[in-house]
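Containing CSV, C-alpha atoms: final_14.csv.
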```csv
chain,number,residue,atom,x,y,z
P,1143,VAL,CA,-103.7,-59.5,-49.0
P,1144,THR,CA,-102.2,-62.1,-51.3
P,1145,VAL,CA,-102.5,-61.7,-55.1
P,1146,ALA,CA,-101.6,-64.9,-57.0
P,1147,GLU,CA,-101.6,-66.2,-60.5
P,1148,LEU,CA,-102.4,-70.0,-60.6
P,1149,SER,CA,-101.7,-72.3,-63.4
P,1150,SER,CA,-104.0,-75.1,-64.5
P,1151,PHE,CA,-101.4,-77.5,-63.1
P,1152,GLN,CA,-101.9,-76.0,-59.6
P,1153,LEU,CA,-105.6,-75.8,-59.9
P,1154,GLU,CA,-105.8,-79.5,-60.6
P,1155,THR,CA,-105.0,-80.3,-56.9
P,1156,ILE,CA,-106.6,-77.5,-54.9
P,1157,ASP,CA,-108.3,-78.6,-51.6
P,1158,THR,CA,-109.3,-75.7,-49.4
P,1159,PHE,CA,-108.1,-72.8,-51.6
P,1160,ALA,CA,-111.0,-70.2,-51.8
P,1161,PRO,CA,-110.2,-66.8,-53.2
P,1162,ARG,CA,-112.2,-63.7,-52.3
P,1163,VAL,CA,-112.0,-62.6,-55.9
P,1164,SER,CA,-111.1,-64.9,-58.8
P,1165,ALA,CA,-110.8,-64.4,-62.5
P,1166,VAL,CA,-110.4,-66.5,-65.7
P,1167,LEU,CA,-109.3,-64.3,-68.6
P,1168,ASN,CA,-109.9,-66.8,-71.5
P,1169,ILE,CA,-110.0,-70.4,-72.5
P,1170,THR,CA,-107.6,-71.2,-75.3
P,1171,GLU,CA,-105.7,-74.3,-76.3
P,1172,ASP,CA,-102.6,-74.8,-74.1
P,1173,HIS,CA,-100.8,-77.5,-72.0
P,1174,LEU,CA,-102.4,-80.4,-73.9
P,1175,ASP,CA,-99.2,-82.3,-73.4
P,1176,ARG,CA,-100.3,-82.6,-69.7
P,1177,HIS,CA,-104.1,-82.4,-69.8
P,1178,HIS,CA,-104.5,-84.3,-73.1
P,1179,THR,CA,-108.0,-82.9,-73.9
P,1180,MET,CA,-109.5,-79.5,-73.9
P,1181,GLU,CA,-112.3,-80.7,-71.7
P,1182,ALA,CA,-109.7,-81.7,-69.0
P,1183,TYR,CA,-107.9,-78.4,-69.4
P,1184,ILE,CA,-111.1,-76.4,-69.1
P,1185,GLU,CA,-112.2,-78.4,-66.0
P,1186,ALA,CA,-108.9,-77.6,-64.3
P,1187,LYS,CA,-109.2,-73.8,-65.0
P,1188,GLU,CA,-112.8,-73.6,-64.0
P,1189,SER,CA,-112.0,-75.3,-60.6
P,1190,ILE,CA,-110.8,-71.9,-59.4
P,1191,VAL,CA,-114.4,-71.3,-58.2
P,1192,ARG,CA,-114.8,-74.7,-56.5
P,1193,ASN,CA,-114.6,-73.4,-52.9
P,1194,GLN,CA,-115.9,-69.8,-53.5
P,1195,THR,CA,-119.2,-68.8,-51.8
P,1196,GLU,CA,-122.1,-66.4,-52.6
P,1197,ASN,CA,-120.1,-63.7,-50.9
P,1198,ASP,CA,-117.2,-64.0,-53.3
P,1199,VAL,CA,-116.7,-62.8,-56.9
P,1200,CYS,CA,-115.5,-64.3,-60.1
P,1201,VAL,CA,-114.5,-62.1,-63.1
P,1202,LEU,CA,-114.9,-63.6,-66.5
P,1203,ASN,CA,-114.4,-62.7,-70.2
P,1204,TYR,CA,-117.9,-62.3,-71.7
P,1205,GLU,CA,-116.4,-62.6,-75.3
P,1206,ASP,CA,-115.2,-66.2,-74.5
P,1207,SER,CA,-118.1,-68.4,-75.2
P,1208,VAL,CA,-117.0,-71.1,-72.7
P,1209,LEU,CA,-116.6,-68.6,-69.9
P,1210,ARG,CA,-119.8,-66.8,-70.8
P,1211,GLU,CA,-121.8,-70.0,-70.3
P,1212,PHE,CA,-119.7,-71.0,-67.2
P,1213,GLY,CA,-120.5,-67.7,-65.5
P,1214,GLN,CA,-124.2,-68.4,-65.6
P,1215,GLY,CA,-124.0,-71.4,-63.3
P,1216,ILE,CA,-121.4,-70.6,-60.6
P,1217,LYS,CA,-121.9,-69.9,-56.9
P,1218,PRO,CA,-119.9,-66.6,-56.6
P,1219,ALA,CA,-121.2,-63.4,-58.0
P,1220,CYS,CA,-120.1,-63.2,-61.7
P,1221,VAL,CA,-118.7,-60.0,-63.1
P,1222,TYR,CA,-118.1,-60.0,-66.9
P,1223,PHE,CA,-115.7,-57.8,-68.9
P,1224,SER,CA,-115.9,-57.1,-72.6
P,1225,SER,CA,-113.8,-55.3,-75.2
P,1226,VAL,CA,-116.5,-55.7,-77.9
P,1227,ARG,CA,-119.8,-54.6,-76.4
P,1228,GLU,CA,-121.4,-52.6,-73.7
P,1229,LEU,CA,-122.7,-54.7,-70.8
P,1230,PRO,CA,-125.8,-54.1,-68.7
P,1231,ARG,CA,-123.5,-54.8,-65.7
P,1232,GLY,CA,-119.7,-55.2,-65.5
P,1233,ILE,CA,-116.8,-53.5,-67.2
P,1234,PHE,CA,-116.4,-52.7,-70.9
P,1235,LEU,CA,-115.0,-50.5,-73.6
P,1236,ARG,CA,-117.1,-47.6,-74.9
P,1237,ASN,CA,-116.2,-45.9,-78.2
P,1238,GLU,CA,-117.1,-42.2,-78.2
P,1239,SER,CA,-116.3,-39.4,-80.6
P,1240,GLY,CA,-114.0,-37.9,-78.0
P,1241,GLY,CA,-112.1,-41.2,-77.4
P,1242,ARG,CA,-112.3,-44.7,-76.1
P,1243,TRP,CA,-113.1,-45.3,-72.4
P,1244,ILE,CA,-113.2,-48.2,-70.0
P,1245,ILE,CA,-116.5,-48.0,-68.1
P,1246,TRP,CA,-117.6,-49.7,-64.9
P,1247,LYS,CA,-121.4,-50.3,-64.6
P,1248,ASP,CA,-123.4,-51.7,-61.6
P,1249,GLU,CA,-126.7,-51.1,-59.8
P,1250,ASN,CA,-125.4,-47.7,-58.7
P,1251,GLY,CA,-124.8,-46.4,-62.2
P,1252,GLU,CA,-121.7,-45.9,-64.3
P,1253,ILE,CA,-118.1,-44.9,-63.4
P,1254,PRO,CA,-115.7,-43.8,-66.2
P,1255,VAL,CA,-112.5,-45.6,-65.3
P,1256,VAL,CA,-109.9,-44.4,-67.8
P,1257,GLU,CA,-109.5,-43.1,-71.3
P,1258,LEU,CA,-107.4,-45.6,-73.3
P,1259,GLN,CA,-105.0,-42.9,-74.5
P,1260,SER,CA,-104.0,-42.4,-70.8
P,1261,LEU,CA,-102.6,-45.9,-70.6
P,1262,LYS,CA,-99.0,-46.8,-71.4
P,1263,LEU,CA,-100.0,-50.2,-72.9
P,1264,LEU,CA,-100.6,-51.3,-76.5
P,1265,GLY,CA,-103.1,-53.9,-77.8
P,1266,GLN,CA,-106.7,-55.0,-77.3
P,1267,HIS,CA,-105.5,-57.9,-75.0
P,1268,ASN,CA,-103.9,-55.4,-72.7
P,1269,TYR,CA,-107.1,-53.4,-72.5
P,1270,GLU,CA,-108.9,-56.6,-71.5
P,1271,ASN,CA,-106.2,-57.2,-68.9
P,1272,VAL,CA,-106.7,-53.7,-67.5
P,1273,MET,CA,-110.5,-54.3,-67.3
P,1274,ALA,CA,-110.1,-57.6,-65.5
P,1275,ALA,CA,-107.6,-56.2,-63.0
P,1276,THR,CA,-109.8,-53.2,-62.4
P,1277,ALA,CA,-112.8,-55.3,-61.8
P,1278,MET,CA,-110.9,-57.6,-59.4
P,1279,ALA,CA,-109.4,-54.7,-57.4
P,1280,TYR,CA,-112.7,-52.8,-57.2
P,1281,CYS,CA,-114.6,-55.9,-56.0
P,1282,ALA,CA,-111.9,-56.4,-53.4
P,1283,GLY,CA,-112.5,-52.9,-52.0
P,1284,VAL,CA,-109.8,-50.8,-53.6
P,1285,PRO,CA,-111.0,-47.2,-54.3
P,1286,MET,CA,-111.5,-46.5,-58.0
P,1287,GLU,CA,-109.2,-43.4,-57.8
P,1288,ARG,CA,-106.3,-45.6,-56.6
P,1289,ILE,CA,-107.0,-48.1,-59.3
P,1290,ARG,CA,-107.0,-45.3,-61.9
P,1291,GLN,CA,-103.6,-44.0,-60.7
P,1292,SER,CA,-102.1,-47.5,-60.9
P,1293,ILE,CA,-103.3,-48.5,-64.3
P,1294,CYS,CA,-102.2,-45.2,-65.8
P,1295,ALA,CA,-98.7,-45.6,-64.3
P,1296,PHE,CA,-98.3,-49.2,-65.3
P,1297,GLN,CA,-95.8,-50.0,-68.1
P,1298,ALA,CA,-95.4,-53.1,-70.2
P,1299,VAL,CA,-93.5,-55.8,-68.4
P,1300,ALA,CA,-90.3,-57.4,-69.6
P,1301,HIS,CA,-90.8,-60.1,-72.3
P,1302,ARG,CA,-94.4,-59.0,-73.1
P,1303,ILE,CA,-94.3,-56.9,-76.3
P,1304,GLU,CA,-91.4,-55.1,-74.7
P,1305,TYR,CA,-89.7,-52.4,-76.8
P,1306,VAL,CA,-86.0,-53.3,-77.1
P,1307,ALA,CA,-84.3,-50.9,-79.6
P,1308,GLU,CA,-84.4,-49.3,-83.0
P,1309,LYS,CA,-81.6,-50.3,-85.3
P,1310,ASN,CA,-81.2,-48.9,-88.8
P,1311,GLY,CA,-84.9,-47.8,-88.8
P,1312,VAL,CA,-86.1,-51.3,-87.7
P,1313,VAL,CA,-87.8,-51.6,-84.3
P,1314,TYR,CA,-87.3,-54.7,-82.2
P,1315,TYR,CA,-89.8,-56.1,-79.8
P,1316,ASN,CA,-89.4,-58.9,-77.2
P,1317,ASP,CA,-92.5,-61.0,-76.7
P,1318,SER,CA,-90.8,-64.1,-75.3
P,1319,LYS,CA,-93.7,-64.5,-72.9
P,1320,GLY,CA,-95.8,-65.5,-75.9
P,1321,THR,CA,-95.4,-69.2,-75.1
P,1322,ASN,CA,-98.5,-70.5,-76.8
P,1323,PRO,CA,-100.4,-69.6,-80.1
P,1324,ASP,CA,-103.1,-67.5,-78.4
P,1325,ALA,CA,-100.6,-65.3,-76.5
P,1326,ALA,CA,-98.6,-64.9,-79.7
P,1327,ILE,CA,-101.6,-63.8,-81.6
P,1328,LYS,CA,-101.9,-60.9,-79.2
P,1329,GLY,CA,-98.3,-59.9,-79.9
P,1330,ILE,CA,-99.0,-59.8,-83.7
P,1331,GLN,CA,-102.2,-57.8,-83.2
P,1332,ALA,CA,-100.3,-55.2,-81.3
P,1333,MET,CA,-97.8,-54.6,-84.2
P,1334,ASN,CA,-98.5,-51.4,-86.3
P,1335,ARG,CA,-95.9,-51.9,-89.0
P,1336,PRO,CA,-94.8,-54.8,-91.3
P,1337,THR,CA,-93.2,-57.4,-89.1
P,1338,TRP,CA,-90.5,-60.1,-89.2
P,1339,LEU,CA,-91.7,-62.7,-86.8
P,1340,ILE,CA,-89.2,-65.1,-85.0
P,1341,ALA,CA,-91.1,-68.1,-83.6
P,1342,GLY,CA,-90.7,-71.8,-82.7
P,1343,GLY,CA,-89.5,-73.7,-79.7
P,1344,TYR,CA,-90.6,-76.6,-77.5
P,1345,ASP,CA,-93.7,-78.5,-78.8
P,1346,LYS,CA,-96.6,-78.5,-76.4
P,1347,SER,CA,-98.9,-80.3,-78.9
P,1348,ALA,CA,-100.4,-77.0,-80.0
P,1349,ASP,CA,-102.3,-76.3,-83.2
P,1350,TYR,CA,-100.7,-73.3,-85.0
P,1351,ARG,CA,-103.2,-72.7,-87.7
P,1352,GLU,CA,-105.3,-70.0,-86.0
P,1353,TRP,CA,-102.1,-68.2,-85.1
P,1354,ILE,CA,-100.9,-68.2,-88.7
P,1355,ARG,CA,-104.3,-66.9,-89.9
P,1356,ALA,CA,-103.8,-64.0,-87.5
P,1357,PHE,CA,-100.9,-62.8,-89.6
P,1358,GLU,CA,-103.4,-61.0,-91.8
P,1359,GLY,CA,-100.8,-59.2,-94.0
P,1360,LYS,CA,-98.8,-57.9,-91.0
P,1361,VAL,CA,-96.1,-60.6,-91.0
P,1362,ARG,CA,-93.6,-60.2,-93.9
P,1363,CYS,CA,-91.6,-63.2,-93.0
P,1364,LEU,CA,-91.7,-66.1,-90.5
P,1365,VAL,CA,-88.2,-67.0,-89.2
P,1366,LEU,CA,-88.4,-70.3,-87.4
P,1367,ILE,CA,-86.2,-72.0,-84.7
P,1368,GLY,CA,-86.4,-74.9,-82.3
P,1369,GLN,CA,-88.1,-78.3,-82.2
P,1370,THR,CA,-91.3,-77.1,-83.8
P,1371,ARG,CA,-89.9,-75.2,-86.8
P,1372,GLU,CA,-90.8,-77.9,-89.3
P,1373,LYS,CA,-94.3,-78.4,-87.8
P,1374,ILE,CA,-95.0,-74.7,-87.9
P,1375,ALA,CA,-93.6,-74.4,-91.5
P,1376,HIS,CA,-95.9,-77.2,-92.6
P,1377,ALA,CA,-98.9,-75.6,-91.0
P,1378,ALA,CA,-98.0,-72.2,-92.5
P,1379,ARG,CA,-97.8,-73.6,-96.0
P,1380,GLU,CA,-101.1,-75.3,-95.6
P,1381,GLU,CA,-102.6,-71.9,-94.7
P,1382,GLY,CA,-101.0,-70.4,-97.8
P,1383,PHE,CA,-98.2,-68.5,-96.0
P,1384,THR,CA,-94.9,-69.2,-97.7
P,1385,GLN,CA,-92.5,-66.5,-96.6
P,1386,ILE,CA,-90.5,-68.7,-94.3
P,1387,ARG,CA,-86.9,-68.9,-93.3
P,1388,MET,CA,-85.2,-71.5,-91.0
P,1389,ALA,CA,-82.5,-70.7,-88.5
P,1390,GLU,CA,-80.4,-73.0,-86.3
P,1391,ASN,CA,-80.7,-70.8,-83.2
P,1392,LEU,CA,-82.0,-67.4,-82.0
P,1393,GLU,CA,-78.8,-65.6,-82.7
P,1394,GLU,CA,-78.9,-66.7,-86.4
P,1395,ALA,CA,-82.6,-65.7,-86.5
P,1396,VAL,CA,-81.9,-62.2,-85.3
P,1397,GLY,CA,-79.1,-61.9,-87.8
P,1398,ILE,CA,-81.4,-62.9,-90.7
P,1399,CYS,CA,-84.0,-60.3,-89.6
P,1400,ALA,CA,-81.3,-57.6,-89.2
P,1401,LYS,CA,-80.0,-58.3,-92.7
P,1402,MET,CA,-83.4,-58.5,-94.5
P,1403,ALA,CA,-85.7,-56.1,-92.6
P,1404,ARG,CA,-86.2,-52.6,-94.1
P,1405,PRO,CA,-86.6,-49.3,-92.3
P,1406,GLN,CA,-90.1,-48.7,-90.9
P,1407,GLU,CA,-90.5,-52.5,-90.3
P,1408,ALA,CA,-90.4,-54.4,-87.0
P,1409,VAL,CA,-88.8,-57.6,-85.7
P,1410,LEU,CA,-90.9,-59.4,-83.2
P,1411,LEU,CA,-89.8,-62.4,-81.0
P,1412,SER,CA,-93.1,-64.0,-80.2
P,1413,PRO,CA,-92.4,-67.8,-80.3
P,1414,ALA,CA,-95.9,-69.3,-79.8
P,1415,CYS,CA,-94.0,-72.1,-78.1
P,1416,ALA,CA,-92.3,-72.9,-74.7
P,1417,SER,CA,-88.6,-72.1,-74.4
P,1418,TRP,CA,-87.5,-75.5,-73.2
P,1419,GLY,CA,-84.9,-77.4,-75.3
P,1420,GLN,CA,-82.8,-74.3,-76.2
P,1421,PHE,CA,-83.4,-72.2,-73.1
P,1422,ASP,CA,-84.0,-72.7,-69.4
P,1423,ASN,CA,-87.1,-70.5,-69.5
P,1424,TYR,CA,-88.8,-67.7,-71.5
P,1425,GLU,CA,-87.0,-65.0,-69.5
P,1426,GLN,CA,-83.6,-66.4,-70.6
P,1427,ARG,CA,-84.8,-66.5,-74.2
P,1428,GLY,CA,-86.0,-62.9,-74.0
P,1429,ASP,CA,-82.8,-61.7,-72.4
P,1430,MET,CA,-80.7,-63.4,-75.0
P,1431,PHE,CA,-82.8,-61.9,-77.8
P,1432,LYS,CA,-82.3,-58.4,-76.3
P,1433,ALA,CA,-78.5,-59.0,-76.0
P,1434,TYR,CA,-78.3,-60.1,-79.7
P,1435,VAL,CA,-80.3,-57.0,-80.7
P,1436,HIS,CA,-78.1,-54.6,-78.7
P,1437,LYS,CA,-75.0,-56.1,-80.4
P,1438,LEU,CA,-76.2,-55.2,-83.9
P,1439,GLU,CA,-74.4,-52.4,-85.6
```

Entire entry expressed as structure tokens:
Amino acid sequence: VTVAELSSFQLETIDTFAPRVSAVLNITEDHLDRHHTMEAYIEAKESIVRNQTENDVCVLNYEDSVLREFGQGIKPACVYFSSVRELPRGIFLRNESGGRWIIWKDENGEIPVVELQSLKLLGQHNYENVMAATAMAYCAGVPMERIRQSICAFQAVAHRIEYVAEKNGVVYYNDSKGTNPDAAIKGIQAMNRPTWLIAGGYDKSADYREWIRAFEGKVRCLVLIGQTREKIAHAAREEGFTQIRMAENLEEAVGICAKMARPQEAVLLSPACASWGQFDNYEQRGDMFKAYVHKLE
């Protein structure tokens, strides 16, 4: 069995590629420096089902309006997931007085998959990831008990809302994998304390306004680096957010946060931009952030 994550770049040129089970988690603005329009970007992502048949499965996010409509006209069987509502068929979150559960439902009835407090992951986006992965594995024939064991044991991966350290009462998180505004929104939403946000990097022609609106009182200060720092600062001021500081590089940004952040606050590297320009890749950016944090007194 091969499990693969395909970018829109790769999907542009598929020929005979035909997955047994496919999934598209969401449609949000990204890679417009290559695709130029959202229509072209969506077309590339949706081509994942091009060679699938009626015997195959495609897992889609019901809460994404583009994917909800897309799922109604595709050849493979469509399985939706939702973190907002219960579905007549698919996988969803159920809020009960005793806790929150992920539930699988099909023509044979319901299967309680896992209670959320049993997971080692934070954030609504991670619950959606768990639902999508569960649906894909179950449709591929993996027993639900094996799936349950795996998702309960799984821990946050490096560079994705990764706990780094606590220094002087301030907690540091590495979300260097947040390379576009939508991914970075998920990082902010997972924070449970006032946050100093380090952002900026290579410009992929993204619009940062929705990301800035997601600050919703959680972000105390925006510390900006890289090529996009002036563009982001301008967008932030237009949205009424003025607590902004500029830094020449990541090390200076970490130093500003370490000096200014108070106990019980957090520092989050979640750039909303690609790493190119100052770093080889997002992994190097995240590793350097962790190194700078560990050097703090």

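If you measure from each of P:Gln1420, P:Ser1260, P:Gln1406, P:Asn1203 to Trp1338 of chain P using all atoms listed in the file, the closest one turns out to be P:Gln1406.
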
Margin query: With 9 Å as the threshold, what does the neighbourhood of (-85.6, -72.8, -83.8) contain in terms of residues, counting all atoms listed in the file? Coordinates are those of the file; answer as number ranges by chain.
Written below: P: 1340-1344, 1365-1371, 1388-1392, 1395, 1420

Margin query: Would you pick out the contacts of segment 1411-1414 of chain P at 6 Å or less, using all atoms listed in the file, so that residues sharing its chain but fewer than 3 positions from it are not included, and give the list as a list of chain:residue names?
Written below: P:Asn1316, P:Asp1317, P:Ser1318, P:Gly1320, P:Thr1321, P:Asn1322, P:Pro1323, P:Ala1326, P:Ile1340, P:Ala1341, P:Gly1342

Next item on the list: Show me as a list in words the residues that reach within 9 Å of (-101.4, -74.1, -79.4), counting all atoms listed in the file and using the file's own coordinates.
Entry: Thr1170, Glu1171, Asp1172, His1173, Leu1174, Thr1321, Asn1322, Pro1323, Asp1324, Asp1345, Lys1346, Ser1347, Ala1348, Asp1349, Tyr1350, Arg1351, Glu1352, Trp1353, Ala1414 and Cys1415 of chain P

Margin query: If we count all atoms listed in the file and set the cut-off at 9 Å, which residues sit around segment 1225-1238 of chain P, ignoring sequence neighbours fewer than 3 positions away in its own chain? Please answer as a ChimeraX atom specification.
Written below: /P:1201,1203-1205,1220-1222,1241-1249,1266-1267,1269-1270,1273-1274,1276-1277

Note to self: What's the separation between atom CA of Gly1240 of chain P and atom CA of Cys1294 of chain P, in Å to one decimal place?
What the structure shows: 18.5 Å

Next item on the list: Return the single residue from P:Leu1261, P:Met1286, P:Ala1160, P:Cys1200 that is closest to Thr1144 of chain P, with distances computed using all atoms listed in the file.
Entry: P:Ala1160

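What separates atom CA of Trp1418 of chain P from atom CA of Val1396 of chain P is a distance of 18.8 Å.
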
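Among the candidates P:Met1180, P:Leu1167, P:Ala1375, P:Ala1307, the one nearest to His1436 of chain P when counting all atoms listed in the file is P:Ala1307.
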
Note to self: If we count only C-alpha atoms and set the cut-off at 12 Å, which residues sit around Ser1189 of chain P, ignoring sequence neighbours fewer than 4 positions away in its own chain? Please answer as a VMD selection string.
What the structure shows: chain P and resid 1148 to 1161 1164 to 1166 1182 to 1185 1193 to 1194 1200 1212 1216 to 1217

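Among P:Val1312, P:Met1278, P:Leu1364, P:Leu1410, the residue with the shortest atom-to-atom distance to Glu1439 of chain P, counting all atoms listed in the file, is P:Val1312.
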
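For the pair atom CA of Leu1202 of chain P and atom CA of Arg1290 of chain P, the separation is 20.5 Å.
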
Margin query: Env of Ala1300 of chain P: 10 Å cut, atoms = all atoms listed in the file, seq-sep filter 4 positions within chain, self excluded. Answer as a ChimeraX atom specification.
Written below: /P:1304-1306,1316-1319,1425,1428-1429
